[in-house]
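Structure first, commentary second.
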Amino acid sequence: VIGTGPCGYFAGLLLAQMGFKPIILDRGTIVRERTRDTWGLWRKSVLNTESNVQFGEGGAGTFSDGKLYSQIKDRRFLSRKVLTEFVKAGAPEEILYVAHPHIGTFRLVTMVESLRATISALGGEIRFGCKVVDLEMESGSVQAVHLAGGERIAASHVVLAVGHSARDTFAMLHDRGVYMEAKPFSIGFRIEHPQSLIDAARWGKFAGHKLLGAADYKLVHHCEGPAKGRSVYSFCMCPGGTVVSATSEEGRVVTNGMSQYSRNERNANAGIVVGITPEVDYPGHVLAGVDFQRRWESAAFEAGGRDYRAPAQRVGDFLAGRASATLGTVQPSYKPGVRMTDLASCVPDYAIAAIREALPAFERKIKGFAMADAVLTGVETRTSAPVRIKRNAAYESMNTRGLYPAGE
């Protein structure tokens, strides 16, 4: 099993529970070391390209809101297995019955450690600092994986659970002829408001009630103006949370959002992103989406001052088409900090036009959403993987026997 995110760990857990002894590999570090490395970027602007928000034990979702629900139909109630194992690992029992369960980063860290211990006790082997750099194949079947240090591990069944940011792995798989396709994803910014504003808009006179907690939202707008045909939507909304640096490559800036279980930070944040498609926006090579993401992440790095600060702009200035020089009443939570500027250089022109149309539309749904002092921080590019490794009815790669793409 390649990857120790939720997909990789649950693949390993199920295999171990069925009596196998899976070998689980991750290029990153154990979750406690990974947390220190991640804080090294947030506090000191020092990036570890193999241990960060994207890579390491627990996967990208460890530094997020810990949401445990989706819109996927689950007619066989398979998600119940996941939630039950989470409770065994230390999650609050309420996740088994509340409508929108979440956990938060601090609790996720201890749960990840518990899952690792369970897999190990059942005979599984979990190895960190083990970057897979090649697949050995013969007659269209997997024979082995090769690690960065030169080790070869024979394997006829490989679960590929590498997430959405292992770009070098995508390139290796493409070079090896594994069938994959470019797929849609989204690009945009993080937006921050006072959580009290969102609470008042959503809960009215009941805002602040302890049983309701911090309010969330889910928004979508279908553009009719210059960006007609585009859709803008909120993504990974984090009530009472913070905006975090999520890059995994030097010289690039990526944003994401996270919350603790308490959701009691002063700001609400969410991605405000525009859907893009390979046919229209990055045609050509199957990995063109990776190049597209890198282009705008590099632009954000430049606009932020080339020191991993993120470019930011007040919503009032963004809508007026002018650069921001100062902050207003909303203080951005992004670490290692922001540089006020004009975000127009950080995403494509059509994305700017679409978001400028969407924000007033969102204001009509949530009063105050387009407040002048709300802060936009760029860029959000990792909403999902830019490629899809297609599977057949047996969940194997379309053209590589023994390879099981999973997760992203």
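Just remember, in the structure tokens the first chain shown is A, the second B, etc., residues are 1-based per chain, and ligands are 1-based in the order shown.
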
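Once stretch 163-174 of chain A and its same-chain neighbours fewer than 4 positions away are set aside, Gly3, Gly5, Cys7, Gln54, Phe55, Gly59, Ala60, Val132, Val133, Asp134, Leu135, Val178, Tyr179, Met180, Ser248, Val286, Leu287, Val290, Arg382, Thr383, Ser384, Ala385, Pro386, Val387, Ala406, Gly407 and Glu408 of chain A remain within 9 Å of it when counting only C-alpha atoms.
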
Listing only residues of stretch 235-338 of chain A within 10 Å of stretch 212-230 of chain A, what is the closest atom pair and its distance in Å (to one decimal) for each, using only C-alpha atoms, sorted by chain and residue number ascending, as JSON lines?
```
{"residue": "A:Phe235", "atom": "CA", "partner": "A:Lys218", "partner_atom": "CA", "distance": 7.7}
{"residue": "A:Cys236", "atom": "CA", "partner": "A:Lys218", "partner_atom": "CA", "distance": 9.0}
{"residue": "A:Met237", "atom": "CA", "partner": "A:Asp216", "partner_atom": "CA", "distance": 6.7}
{"residue": "A:Cys238", "atom": "CA", "partner": "A:Asp216", "partner_atom": "CA", "distance": 7.2}
{"residue": "A:Pro239", "atom": "CA", "partner": "A:Asp216", "partner_atom": "CA", "distance": 5.6}
{"residue": "A:Gly240", "atom": "CA", "partner": "A:Ala214", "partner_atom": "CA", "distance": 6.4}
{"residue": "A:Gly241", "atom": "CA", "partner": "A:Ala214", "partner_atom": "CA", "distance": 9.8}
{"residue": "A:Ser262", "atom": "CA", "partner": "A:Gly213", "partner_atom": "CA", "distance": 8.6}
{"residue": "A:Arg263", "atom": "CA", "partner": "A:Ala214", "partner_atom": "CA", "distance": 6.5}
{"residue": "A:Asn264", "atom": "CA", "partner": "A:Ala214", "partner_atom": "CA", "distance": 7.3}
{"residue": "A:Glu265", "atom": "CA", "partner": "A:Ala214", "partner_atom": "CA", "distance": 9.5}
{"residue": "A:Ala268", "atom": "CA", "partner": "A:Asp216", "partner_atom": "CA", "distance": 8.1}
{"residue": "A:Asn269", "atom": "CA", "partner": "A:Asp216", "partner_atom": "CA", "distance": 9.3}
{"residue": "A:Ala270", "atom": "CA", "partner": "A:Tyr217", "partner_atom": "CA", "distance": 8.9}
{"residue": "A:Ile272", "atom": "CA", "partner": "A:Leu219", "partner_atom": "CA", "distance": 8.9}
{"residue": "A:Val273", "atom": "CA", "partner": "A:Val220", "partner_atom": "CA", "distance": 9.6}
{"residue": "A:Val274", "atom": "CA", "partner": "A:Arg230", "partner_atom": "CA", "distance": 6.9}
{"residue": "A:Gly275", "atom": "CA", "partner": "A:Arg230", "partner_atom": "CA", "distance": 6.6}
{"residue": "A:Ile276", "atom": "CA", "partner": "A:Arg230", "partner_atom": "CA", "distance": 7.8}
```

Item to check | Near-A:Gly140 list (7 Å; only C-alpha atoms; drop same-chain fewer than 3 positions) as a ChimeraX atom specification | outcome: /A:137,399-401

Checklist outcome for this item: For A:Leu83, the closest of A:Phe10, A:Gly316, A:Ser141, A:Val243 counting only C-alpha atoms is A:Phe10

Checklist entry - Per DSSP on the backbone, what are the helix (DSSP H, G or I) residues of stretch 65-309 of chain A, as a ChimeraX atom specification? => result /A:79-88,93-96,105-121,167-175,195-206,278-281,288-303
